[in-house]
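Next comes structure_32.txt, with compact mmCIF, C-alpha atoms and all ligand atoms.
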```txt
# COMPACT_ATOMS: atom_id res chain seq x y z
CA MET A 1 0.00 0.00 0.00
CA LEU A 2 2.84 2.33 0.99
CA GLN A 3 4.66 1.41 -2.20
CA GLN A 4 1.48 2.07 -4.21
CA THR A 5 1.12 5.50 -2.62
CA LYS A 6 4.77 6.24 -3.38
CA ASP A 7 4.24 5.15 -7.00
CA CYS A 8 1.20 7.44 -7.28
CA LEU A 9 3.07 10.40 -5.89
CA HIS A 10 6.08 9.67 -8.05
CA GLY A 11 3.92 9.46 -11.21
CA GLU A 12 2.10 12.71 -10.43
CA THR A 13 5.34 14.55 -9.65
CA LEU A 14 6.93 13.19 -12.81
CA ILE A 15 4.11 14.36 -15.06
CA ARG A 16 4.19 17.84 -13.45
CA PHE A 17 7.95 17.99 -13.93
CA GLN A 18 7.64 16.93 -17.59
CA ARG A 19 4.91 19.52 -18.12
CA HIS A 20 7.12 22.26 -16.70
CA GLN A 21 9.96 21.11 -18.95
CA LEU A 22 7.64 21.13 -21.95
CA ARG A 23 6.34 24.57 -21.05
CA ALA A 24 9.83 25.92 -20.76
CA VAL A 25 10.71 24.66 -24.22
CA ARG A 26 7.45 25.18 -26.11
CA GLY A 27 6.42 28.45 -24.49
CA ASN A 28 2.69 28.83 -24.34
CA ILE A 29 1.63 27.40 -27.69
CA ARG A 30 -1.07 25.26 -26.08
CA GLU A 31 -2.45 28.19 -24.09
CA GLU A 32 -2.56 30.42 -27.18
CA GLU A 33 -4.30 27.80 -29.31
CA VAL A 34 -6.87 27.00 -26.59
CA ARG A 35 -7.53 30.74 -26.18
CA PHE A 36 -8.10 30.96 -29.94
CA MET A 37 -10.58 28.07 -29.72
CA VAL A 38 -12.45 29.77 -26.85
CA LYS A 39 -12.66 32.98 -28.91
CA LYS A 40 -14.15 31.10 -31.87
CA VAL A 41 -16.67 29.26 -29.69
CA SER A 42 -17.62 32.57 -27.99
CA GLU A 43 -18.35 34.07 -31.43
CA SER A 44 -20.66 31.16 -32.21
CA ALA A 45 -22.30 31.51 -28.78
CA LEU A 46 -23.35 35.06 -29.68
CA GLU A 47 -25.52 33.63 -32.45
CA GLN A 48 -28.04 32.20 -30.03
CA HIS A 49 -29.10 28.55 -30.24
CA THR A 50 -26.59 27.81 -33.01
CA PRO A 51 -24.81 24.52 -32.30
CA VAL A 52 -21.03 24.24 -32.57
CA ASP A 53 -19.48 21.18 -34.16
CA LEU A 54 -17.26 20.26 -31.22
CA SER A 55 -15.71 17.33 -33.09
CA LYS A 56 -14.38 19.68 -35.76
CA THR A 57 -13.42 22.35 -33.23
CA LEU A 58 -11.36 19.91 -31.16
CA PHE A 59 -9.65 18.33 -34.19
CA SER A 60 -8.66 21.83 -35.30
CA LEU A 61 -7.28 22.54 -31.83
CA THR A 62 -4.99 19.49 -31.70
CA ALA A 63 -3.94 19.90 -35.36
CA SER A 64 -2.98 23.55 -34.71
CA ILE A 65 -0.97 22.63 -31.59
CA ILE A 66 0.92 19.84 -33.37
CA CYS A 67 1.57 22.01 -36.45
CA ARG A 68 3.09 24.75 -34.35
CA VAL A 69 5.16 22.46 -32.11
CA ALA A 70 6.35 20.13 -34.87
CA LEU A 71 6.52 22.41 -37.90
CA GLY A 72 6.64 25.89 -36.41
CA GLN A 73 3.70 26.84 -38.64
CA ASN A 74 0.63 28.65 -37.49
CA PHE A 75 -2.74 28.03 -39.15
CA ASN A 76 -4.02 31.33 -37.88
CA GLU A 77 -1.40 33.30 -39.77
CA SER A 78 -1.62 33.69 -43.51
CA GLY A 79 0.73 31.80 -45.80
CA PHE A 80 0.30 28.34 -44.29
CA VAL A 81 1.42 25.79 -46.88
CA ILE A 82 -1.72 23.66 -46.78
CA GLU A 83 -5.35 24.16 -45.76
CA GLN A 84 -6.06 23.06 -42.18
CA ASP A 85 -9.06 21.00 -43.32
CA ARG A 86 -6.83 19.12 -45.76
CA ILE A 87 -4.35 18.18 -42.99
CA GLU A 88 -7.17 16.81 -40.85
CA GLU A 89 -8.50 14.90 -43.85
CA LEU A 90 -5.05 13.44 -44.62
CA VAL A 91 -4.53 12.31 -41.01
CA SER A 92 -7.93 10.56 -40.97
CA GLU A 93 -7.37 8.98 -44.39
CA ALA A 94 -3.87 7.76 -43.42
CA LEU A 95 -5.08 6.20 -40.15
CA LEU A 96 -7.93 4.51 -41.96
CA ALA A 97 -5.54 3.20 -44.62
CA LEU A 98 -3.07 1.91 -42.00
CA GLY A 99 -5.80 0.07 -40.12
CA THR A 100 -7.39 -1.36 -43.28
CA PHE A 101 -7.31 -5.12 -43.63
CA THR A 102 -5.15 -6.17 -46.58
CA CYS A 103 -5.24 -9.61 -48.19
CA SER A 104 -1.41 -9.71 -48.25
CA ASP A 105 -1.41 -9.55 -44.42
CA VAL A 106 -3.05 -12.98 -44.42
CA PHE A 107 -1.65 -14.39 -47.71
CA PRO A 108 1.81 -12.78 -48.00
CA GLY A 109 2.46 -14.42 -51.41
CA GLY A 110 1.20 -13.55 -54.90
CA LEU A 111 -2.43 -14.39 -54.16
CA GLY A 112 -2.72 -11.76 -51.41
CA ARG A 113 -0.97 -9.15 -53.55
CA PHE A 114 -3.26 -9.97 -56.50
CA PHE A 115 -6.44 -9.38 -54.47
CA ASP A 116 -5.01 -6.15 -52.99
CA TRP A 117 -4.25 -4.97 -56.53
CA LEU A 118 -7.75 -6.00 -57.68
CA PHE A 119 -9.39 -3.99 -54.87
CA GLY A 120 -7.02 -1.02 -55.37
CA VAL A 121 -5.87 -1.20 -51.71
CA HIS A 122 -2.22 -0.21 -52.23
CA LYS A 123 -3.16 2.52 -54.72
CA ARG A 124 -5.33 4.19 -52.07
CA ILE A 125 -2.65 3.81 -49.37
CA ASN A 126 0.09 5.17 -51.67
CA LYS A 127 -1.97 8.20 -52.67
CA VAL A 128 -2.50 9.45 -49.12
CA PHE A 129 1.13 8.85 -48.10
CA GLU A 130 2.41 10.61 -51.25
CA ASP A 131 0.31 13.66 -50.31
CA LEU A 132 1.68 13.64 -46.75
CA ASP A 133 5.24 13.21 -48.05
CA ALA A 134 4.80 16.23 -50.34
CA PHE A 135 3.56 18.28 -47.37
CA TYR A 136 6.56 17.33 -45.17
CA GLN A 137 8.97 18.07 -48.06
CA HIS A 138 7.41 21.49 -48.48
CA VAL A 139 7.84 22.27 -44.78
CA ILE A 140 11.46 21.02 -44.77
CA ASP A 141 12.29 23.08 -47.90
CA ASP A 142 10.72 26.09 -46.24
CA HIS A 143 12.93 25.66 -43.14
CA LEU A 144 16.04 25.23 -45.29
CA LYS A 145 15.14 28.32 -47.36
CA THR A 146 14.47 30.61 -44.41
CA GLY A 147 17.49 29.39 -42.45
CA ALA A 148 15.37 28.16 -39.53
CA ALA A 149 17.35 24.94 -39.76
CA GLY A 150 20.57 25.52 -37.99
CA LYS A 151 22.11 28.49 -39.72
CA LYS A 152 20.41 30.97 -37.37
CA GLY A 153 21.09 28.76 -34.38
CA ILE A 154 18.55 26.82 -32.39
CA ASP A 155 16.72 28.54 -29.56
CA SER A 156 14.27 27.28 -26.96
CA GLN A 157 11.34 28.10 -29.25
CA ALA A 158 12.66 26.01 -32.14
CA ASP A 159 10.19 23.57 -33.66
CA ILE A 160 10.88 19.85 -34.13
CA VAL A 161 11.75 20.12 -37.84
CA ALA A 162 14.34 22.82 -37.06
CA LEU A 163 15.82 20.70 -34.25
CA LEU A 164 16.06 17.61 -36.45
CA LEU A 165 17.59 19.50 -39.38
CA ASP A 166 20.08 21.05 -36.97
CA MET A 167 21.04 17.57 -35.72
CA MET A 168 21.41 16.39 -39.31
CA HIS A 169 23.69 19.26 -40.26
CA LYS A 170 25.87 18.81 -37.20
CA GLN A 171 26.40 15.06 -37.51
CA GLY A 172 29.82 13.80 -38.46
CA LYS A 173 30.41 11.76 -41.62
CA LYS A 174 31.64 8.84 -39.52
CA ASP A 175 28.75 8.85 -37.03
CA TYR A 176 27.32 5.36 -36.55
CA PHE A 177 23.76 6.52 -37.29
CA GLN A 178 23.24 8.95 -40.16
CA LEU A 179 20.04 10.98 -39.84
CA THR A 180 18.50 11.58 -43.28
CA ILE A 181 15.63 13.66 -44.66
CA ASP A 182 13.64 10.42 -44.95
CA ASN A 183 14.19 9.79 -41.21
CA ILE A 184 12.92 13.28 -40.45
CA LYS A 185 9.83 12.68 -42.59
CA ALA A 186 9.25 9.38 -40.75
CA VAL A 187 9.39 11.17 -37.37
CA LEU A 188 6.93 13.77 -38.65
CA MET A 189 4.63 11.01 -39.90
CA ASN A 190 4.70 9.42 -36.43
CA ILE A 191 3.96 12.68 -34.68
CA PHE A 192 1.14 13.64 -37.04
CA LEU A 193 -0.62 10.31 -37.17
CA ALA A 194 -0.24 9.64 -33.45
CA GLY A 195 -0.58 13.15 -32.06
CA VAL A 196 -3.44 14.90 -33.88
CA ASP A 197 -6.50 12.75 -33.52
CA THR A 198 -5.81 10.94 -30.22
CA GLY A 199 -6.13 14.11 -28.12
CA ALA A 200 -9.17 15.32 -30.09
CA ILE A 201 -10.88 11.94 -29.76
CA THR A 202 -10.35 11.97 -25.98
CA MET A 203 -11.83 15.48 -25.60
CA ILE A 204 -14.81 14.65 -27.87
CA TRP A 205 -15.69 11.54 -25.83
CA ALA A 206 -15.20 13.43 -22.54
CA MET A 207 -17.61 16.20 -23.64
CA THR A 208 -20.05 13.56 -24.95
CA GLU A 209 -20.06 11.73 -21.61
CA LEU A 210 -20.43 15.02 -19.72
CA VAL A 211 -23.57 16.08 -21.61
CA ARG A 212 -24.97 12.58 -21.17
CA ASN A 213 -24.29 12.84 -17.43
CA PRO A 214 -25.43 16.36 -16.41
CA GLY A 215 -24.74 15.65 -12.72
CA VAL A 216 -21.06 15.01 -13.48
CA MET A 217 -20.89 18.09 -15.74
CA LYS A 218 -22.37 20.29 -12.97
CA LYS A 219 -20.04 18.91 -10.30
CA ALA A 220 -17.03 19.56 -12.57
CA GLN A 221 -18.13 23.10 -13.46
CA ASP A 222 -18.94 23.98 -9.83
CA GLU A 223 -15.48 22.84 -8.71
CA ILE A 224 -13.70 24.61 -11.57
CA ARG A 225 -15.62 27.89 -11.25
CA THR A 226 -15.41 28.01 -7.45
CA THR A 227 -11.68 27.22 -7.43
CA LEU A 228 -10.67 29.55 -10.25
CA GLY A 229 -13.06 32.34 -9.29
CA PRO A 230 -15.27 34.48 -11.57
CA ASN A 231 -14.26 36.58 -14.58
CA LYS A 232 -10.90 35.00 -15.16
CA GLY A 233 -9.74 36.41 -18.48
CA LYS A 234 -7.66 33.40 -19.42
CA ILE A 235 -6.92 29.89 -18.25
CA THR A 236 -3.28 28.85 -17.90
CA GLU A 237 -1.64 25.49 -17.38
CA GLU A 238 -0.96 26.43 -13.74
CA ASP A 239 -4.76 26.21 -13.20
CA ILE A 240 -4.88 22.54 -14.16
CA ASP A 241 -3.43 21.20 -10.91
CA LYS A 242 -6.04 23.08 -8.88
CA VAL A 243 -8.99 21.07 -10.22
CA GLY A 244 -8.88 17.43 -9.14
CA TYR A 245 -12.31 16.30 -10.35
CA LEU A 246 -11.45 17.08 -13.99
CA LYS A 247 -8.53 14.65 -13.75
CA LEU A 248 -10.92 11.91 -12.59
CA ILE A 249 -13.18 12.69 -15.56
CA ILE A 250 -10.25 12.32 -17.93
CA LYS A 251 -9.24 8.96 -16.38
CA GLU A 252 -12.82 7.71 -16.70
CA THR A 253 -12.87 8.84 -20.35
CA PHE A 254 -9.61 6.94 -20.99
CA ARG A 255 -11.19 3.83 -19.42
CA LEU A 256 -14.39 3.84 -21.51
CA HIS A 257 -13.01 5.41 -24.69
CA PRO A 258 -9.30 4.70 -25.23
CA ALA A 259 -8.40 6.51 -28.49
CA ALA A 260 -6.48 3.47 -29.81
CA PRO A 261 -8.52 0.52 -28.46
CA LEU A 262 -6.15 -2.20 -29.73
CA LEU A 263 -2.89 -0.23 -29.15
CA LEU A 264 -0.21 -0.95 -31.76
CA PRO A 265 0.23 -4.59 -32.78
CA ARG A 266 3.05 -6.60 -31.16
CA VAL A 267 4.88 -9.70 -32.41
CA THR A 268 6.01 -12.44 -30.03
CA MET A 269 9.80 -12.92 -30.06
CA SER A 270 9.71 -16.40 -28.55
CA HIS A 271 7.24 -19.08 -27.52
CA VAL A 272 4.94 -17.86 -24.72
CA LYS A 273 2.07 -19.40 -22.77
CA ILE A 274 -0.84 -17.15 -21.76
CA ASN A 275 -3.82 -18.52 -19.79
CA GLY A 276 -2.94 -22.03 -20.97
CA TYR A 277 -2.71 -21.05 -24.66
CA ASP A 278 0.54 -21.72 -26.51
CA ILE A 279 1.58 -18.80 -28.68
CA PRO A 280 4.37 -19.52 -31.14
CA PRO A 281 7.15 -17.00 -31.96
CA LYS A 282 6.42 -14.30 -34.57
CA THR A 283 2.66 -14.28 -33.86
CA GLN A 284 0.94 -10.90 -34.16
CA ILE A 285 -0.69 -9.97 -30.85
CA GLN A 286 -3.33 -7.32 -30.30
CA LEU A 287 -4.22 -6.06 -26.85
CA ASN A 288 -7.84 -5.03 -26.47
CA VAL A 289 -7.57 -2.24 -23.89
CA TRP A 290 -11.13 -1.16 -24.73
CA ALA A 291 -12.44 -4.53 -23.49
CA ILE A 292 -10.11 -4.49 -20.44
CA GLY A 293 -11.51 -1.07 -19.51
CA ARG A 294 -15.06 -2.50 -19.52
CA ASP A 295 -14.30 -5.87 -17.94
CA PRO A 296 -16.92 -6.53 -15.21
CA LYS A 297 -14.32 -8.63 -13.32
CA ARG A 298 -12.19 -5.48 -12.88
CA TRP A 299 -14.73 -2.68 -12.68
CA THR A 300 -18.03 -2.13 -10.86
CA ASP A 301 -20.81 -0.94 -13.23
CA PRO A 302 -18.28 -0.93 -16.08
CA GLU A 303 -20.58 0.67 -18.68
CA GLU A 304 -21.41 3.66 -16.44
CA PHE A 305 -19.45 6.93 -16.53
CA ILE A 306 -18.47 7.33 -12.85
CA PRO A 307 -15.32 9.48 -12.39
CA GLU A 308 -15.58 9.03 -8.58
CA ARG A 309 -14.39 5.42 -8.97
CA PHE A 310 -10.85 6.85 -9.24
CA ALA A 311 -11.17 9.21 -6.23
CA ASN A 312 -9.52 6.91 -3.70
CA SER A 313 -7.75 4.70 -6.15
CA CYS A 314 -4.13 4.62 -7.16
CA VAL A 315 -4.97 3.28 -10.63
CA ASP A 316 -3.36 5.51 -13.20
CA PHE A 317 -2.92 5.58 -16.98
CA ARG A 318 0.87 5.73 -17.30
CA GLY A 319 1.35 2.06 -18.14
CA GLN A 320 1.94 0.58 -14.67
CA HIS A 321 -1.66 -0.50 -14.03
CA PHE A 322 -2.70 -3.02 -16.63
CA GLU A 323 -6.44 -2.48 -16.13
CA LEU A 324 -6.10 1.04 -17.62
CA LEU A 325 -3.78 1.35 -20.62
CA PRO A 326 -4.89 4.23 -22.89
CA PHE A 327 -1.22 5.00 -23.69
CA GLY A 328 -0.04 1.39 -23.85
CA SER A 329 2.81 0.13 -21.73
CA GLY A 330 6.46 -0.74 -21.97
CA ARG A 331 9.07 0.39 -24.43
CA ARG A 332 6.61 1.17 -27.23
CA SER A 333 4.15 3.09 -25.10
CA CYS A 334 3.14 6.59 -26.14
CA PRO A 335 6.09 9.05 -26.04
CA GLY A 336 3.67 11.99 -26.42
CA MET A 337 1.69 11.22 -23.24
CA SER A 338 2.63 14.37 -21.28
CA MET A 339 1.90 16.60 -24.23
CA GLY A 340 -1.35 14.78 -25.04
CA VAL A 341 -2.63 14.94 -21.44
CA ALA A 342 -1.67 18.62 -21.07
CA SER A 343 -3.64 19.54 -24.23
CA VAL A 344 -6.68 17.49 -23.17
CA GLU A 345 -6.70 18.98 -19.65
CA LEU A 346 -6.35 22.56 -20.84
CA GLY A 347 -8.91 22.18 -23.65
CA LEU A 348 -11.57 20.63 -21.39
CA LEU A 349 -10.89 23.00 -18.50
CA SER A 350 -11.50 26.01 -20.79
CA LEU A 351 -14.66 24.56 -22.37
CA LEU A 352 -16.09 23.89 -18.89
CA TYR A 353 -15.06 27.19 -17.30
CA PHE A 354 -16.22 29.60 -20.01
CA PHE A 355 -19.37 27.88 -21.32
CA ASP A 356 -22.48 26.01 -20.32
CA TRP A 357 -23.55 23.41 -22.86
CA ALA A 358 -27.04 22.71 -24.13
CA LEU A 359 -28.46 20.11 -26.50
CA PRO A 360 -29.25 21.31 -30.04
CA GLU A 361 -32.83 22.10 -30.96
CA GLY A 362 -34.83 18.95 -31.69
CA MET A 363 -32.86 16.79 -29.26
CA VAL A 364 -35.05 16.33 -26.22
CA SER A 365 -32.96 14.23 -23.89
CA GLU A 366 -29.30 13.37 -23.25
CA ALA A 367 -30.19 9.78 -24.11
CA ASP A 368 -30.67 10.92 -27.74
CA ILE A 369 -26.93 11.51 -28.15
CA ASP A 370 -25.54 8.99 -30.56
CA MET A 371 -22.70 6.87 -29.12
CA GLU A 372 -21.78 4.93 -32.26
CA GLU A 373 -18.03 4.50 -32.80
CA ALA A 374 -16.13 4.61 -36.09
CA GLY A 375 -12.56 3.94 -37.22
CA ASN A 376 -10.10 1.11 -36.89
CA LEU A 377 -6.66 2.09 -35.50
CA THR A 378 -8.22 4.96 -33.61
CA VAL A 379 -11.90 5.03 -32.71
CA VAL A 380 -13.85 8.27 -32.81
CA LYS A 381 -17.47 9.19 -32.18
CA LYS A 382 -19.08 8.47 -35.56
CA GLN A 383 -21.53 11.37 -35.63
CA PRO A 384 -20.07 14.84 -34.97
CA LEU A 385 -20.78 16.16 -31.47
CA LEU A 386 -23.07 19.17 -31.92
CA LEU A 387 -23.74 21.27 -28.80
CA VAL A 388 -24.98 24.79 -28.13
CA PRO A 389 -22.51 26.91 -26.12
CA VAL A 390 -23.85 29.50 -23.67
CA ILE A 391 -21.30 32.00 -22.37
CA HIS A 392 -20.95 31.76 -18.58
CA HIS A 393 -18.21 34.33 -17.90
C1 LIG B 1 -4.51 11.89 -25.37
C2 LIG B 1 -3.58 11.81 -26.30
C3 LIG B 1 -2.88 10.56 -26.74
C4 LIG B 1 -3.25 9.24 -26.60
C5 LIG B 1 -4.52 8.68 -25.95
C6 LIG B 1 -2.20 8.44 -27.21
C7 LIG B 1 -2.19 7.05 -27.25
C8 LIG B 1 -1.19 6.30 -27.82
C9 LIG B 1 -1.19 4.85 -27.85
C10 LIG B 1 -2.26 3.93 -27.29
C11 LIG B 1 -0.05 4.47 -28.49
C12 LIG B 1 0.40 3.02 -28.75
C13 LIG B 1 1.13 2.53 -27.52
C14 LIG B 1 1.31 1.03 -27.45
O1 LIG B 1 0.99 0.31 -28.41
O2 LIG B 1 1.78 0.55 -26.38
C15 LIG B 1 0.67 5.67 -28.89
C16 LIG B 1 1.85 5.68 -29.59
C17 LIG B 1 2.48 6.83 -30.02
N1 LIG B 1 2.14 8.12 -29.69
FE1 LIG B 1 0.54 8.69 -28.58
N2 LIG B 1 -1.25 9.28 -27.70
C18 LIG B 1 -1.61 10.57 -27.45
C19 LIG B 1 -0.91 11.72 -27.78
C20 LIG B 1 0.27 11.76 -28.49
C21 LIG B 1 0.97 12.96 -28.90
C22 LIG B 1 0.51 14.39 -28.58
C23 LIG B 1 2.08 12.57 -29.61
C24 LIG B 1 3.16 13.40 -30.28
C25 LIG B 1 3.29 14.66 -30.26
C26 LIG B 1 2.07 11.12 -29.65
C27 LIG B 1 3.02 10.36 -30.26
C28 LIG B 1 3.03 8.97 -30.31
C29 LIG B 1 3.99 8.19 -31.07
C30 LIG B 1 5.13 8.74 -31.91
C31 LIG B 1 3.65 6.84 -30.88
C32 LIG B 1 4.34 5.62 -31.48
C33 LIG B 1 5.40 5.09 -30.55
C34 LIG B 1 6.13 3.90 -31.14
O3 LIG B 1 5.91 3.56 -32.31
O4 LIG B 1 6.95 3.31 -30.41
N3 LIG B 1 0.97 10.66 -28.96
N4 LIG B 1 -0.05 6.76 -28.46
```

Let me see the file written as structure tokens.
Amino acid sequence: MLQQTKDCLHGETLIRFQRHQLRAVRGNIREEEVRFMVKKVSESALEQHTPVDLSKTLFSLTASIICRVALGQNFNESGFVIEQDRIEELVSEALLALGTFTCSDVFPGGLGRFFDWLFGVHKRINKVFEDLDAFYQHVIDDHLKTGAAGKKGIDSQADIVALLLDMMHKQGKKDYFQLTIDNIKAVLMNIFLAGVDTGAITMIWAMTELVRNPGVMKKAQDEIRTTLGPNKGKITEEDIDKVGYLKLIIKETFRLHPAAPLLLPRVTMSHVKINGYDIPPKTQIQLNVWAIGRDPKRWTDPEEFIPERFANSCVDFRGQHFELLPFGSGRRSCPGMSMGVASVELGLLSLLYFFDWALPEGMVSEADIDMEEAGNLTVVKKQPLLLVPVIHH
């Protein structure tokens, strides 16, 4: 028990430390982008009874944060190399393509390839990845042209492309590992595909559960508004640690709606035995963390959204407690966890502090909200979440 408490405290301290580190390096990109989102939602709220598409709003938020941190490019300034909508489209298309079943996965020989060719599977996959490659090349060329890549020197505000290009320029010819432009594009691909929609999906499900559970929404808003006080002009990341109930809401959202329900596939390196089953080497394994999160043997009332279940529990989502694994576990667990959690916390905190949320006209009860899921690698709410914002402060 003592060890568990120590682990809890250690985890919490670690995530705060990482957040401070991130803040020091990335400045207040997240705060600026969340403020921009609040401004846009406030504008919509002035047109009374007009619903906001929160799914779109939250995808735009995470895409803008990732674009600024990774590429140093701001959607809200003119001259961005690609339309924001197109980036969001490309990310969704790429994730869908990656999670698509291919015949050559099951029949690696000519037969599988023939059927994939017949159904045009690889053509579709190639098209979306060619478009993303062209986008990364454009951004890299832009950095090289403007000298953001090393010539001016790297400062604490440098974006990831600038840092990687700087590393590439400084490497010696005899270095064991030679970083190439292709490596940089691969890192960008990882960050884009893993970083944009996971955070948005988590916030969309959290807001969906909150409107379906008005008691939980009210408790969260009362705590947030009482703790932060009235007429606060802006929310900062320092405010996050003051509001404990929101953190329980986020944990409960991770339990019921992990953004990547099957994590990334693993392959066994040797023969293993699990629950009496023999699993030979080189077998692809998928971990269903969605099902684990709803397992009645582990959770009381597993289908219910009850954030209080975590109030006196040490169970956390950082990969040490196997009943809750929204970021995976082990060496291949999510490297963007601190950044993802910080964006989700700040985004939700602002939406709950500044606005009350009502159902759109025609929807009589919370039970009418559609909960259907869509996607394969990542699973999003199928129908956009439409809610009417009412300005509170
Ligand atoms: C709430 C937000 C996020 C969630 C729920 C999430 C979840 C996950 C999950 C489940 C995995 C697979 C882990 C495994 O199979 O064990 C993963 C991998 C990954 N995530 Fe995240 N993630 C989030 C945010 C981010 C962000 C913001 C970034 C980058 C800026 C990021 C970058 C990555 C990368 C690069 C991988 C692949 C790691 C590898 O291949 O070894 N993630 N994430």

Kindly compile the residues surrounding ligand LIG 1 (chain B) within 6 Å, counting all atoms listed in the file, and format them as a ChimeraX atom specification. /A:190-191,194-195,198-199,202,259-260,263-264,326-329,332-337,339-341

CA of Asp175 (chain A) to CA of Tyr136 (chain A) measures 25.1 Å

Could the residues of region 38-69 of chain A that have an atom at most 12 Å from region 206-226 of chain A be listed as JSON lines, each with its closest atom pair and the distance in Å to one decimal, counting all atoms listed in the file and ordered by chain and ascending residue number?
```
{"residue": "A:Asp53", "atom": "CA", "partner": "A:Met207", "partner_atom": "CA", "distance": 11.8}
{"residue": "A:Leu54", "atom": "CA", "partner": "A:Met207", "partner_atom": "CA", "distance": 8.6}
{"residue": "A:Ser55", "atom": "CA", "partner": "A:Met207", "partner_atom": "CA", "distance": 9.7}
{"residue": "A:Leu58", "atom": "CA", "partner": "A:Met207", "partner_atom": "CA", "distance": 10.5}
```

Please produce an output containing C-alpha atoms for each residue in the selection, written as a short mmCIF file (atom, residue, chain, number, x, y, z; two decimals), keeping the file's coordinate frame.
```cif
data_model
loop_
_atom_site.label_atom_id
_atom_site.label_comp_id
_atom_site.auth_asym_id
_atom_site.auth_seq_id
_atom_site.Cartn_x
_atom_site.Cartn_y
_atom_site.Cartn_z
CA ASP A 53 -19.48 21.18 -34.16
CA LEU A 54 -17.26 20.26 -31.22
CA SER A 55 -15.71 17.33 -33.09
CA LEU A 58 -11.36 19.91 -31.16
#
```

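Those residues that approach Ser104 (chain A) to within 12 Å, counting only C-alpha atoms, are Gly109, Gly110, Leu111, Gly112, Arg113, Phe114, Phe115, Asp116, Trp117, Leu118, Phe119, Val121 and His122 of chain A; same-chain residues fewer than 5 positions away are not listed.
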
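Across the structure, CA of Phe129 (chain A) and CA of Ala94 (chain A) are spaced 6.9 Å apart.
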
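Of note, CA of Pro265 (chain A) and CA of Gln286 (chain A) are spaced 5.1 Å apart.
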
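By only C-alpha atoms, and with residues fewer than 6 positions from region 229-233 of chain A along its chain excluded, the set lying at most 10 Å from it is A:Arg35, A:Glu223, A:Tyr353, A:Phe354, A:His392, A:His393.
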
Identify the residues around (-23.3, 29.8, -31.1) within a radius of 12 Å, measuring from all atoms listed in the file in the coordinates stated by the file, and give them as an MDAnalysis selection string. chainID A and resid 38:54 355:360 386:391

Skipping near chain neighbours, those fewer than 4 positions away, what residues fall within 8 Å of region 375-382 of chain A using all atoms listed in the file, listed as a ChimeraX atom specification? /A:95-96,98-100,197-198,201,204-205,258-263,371
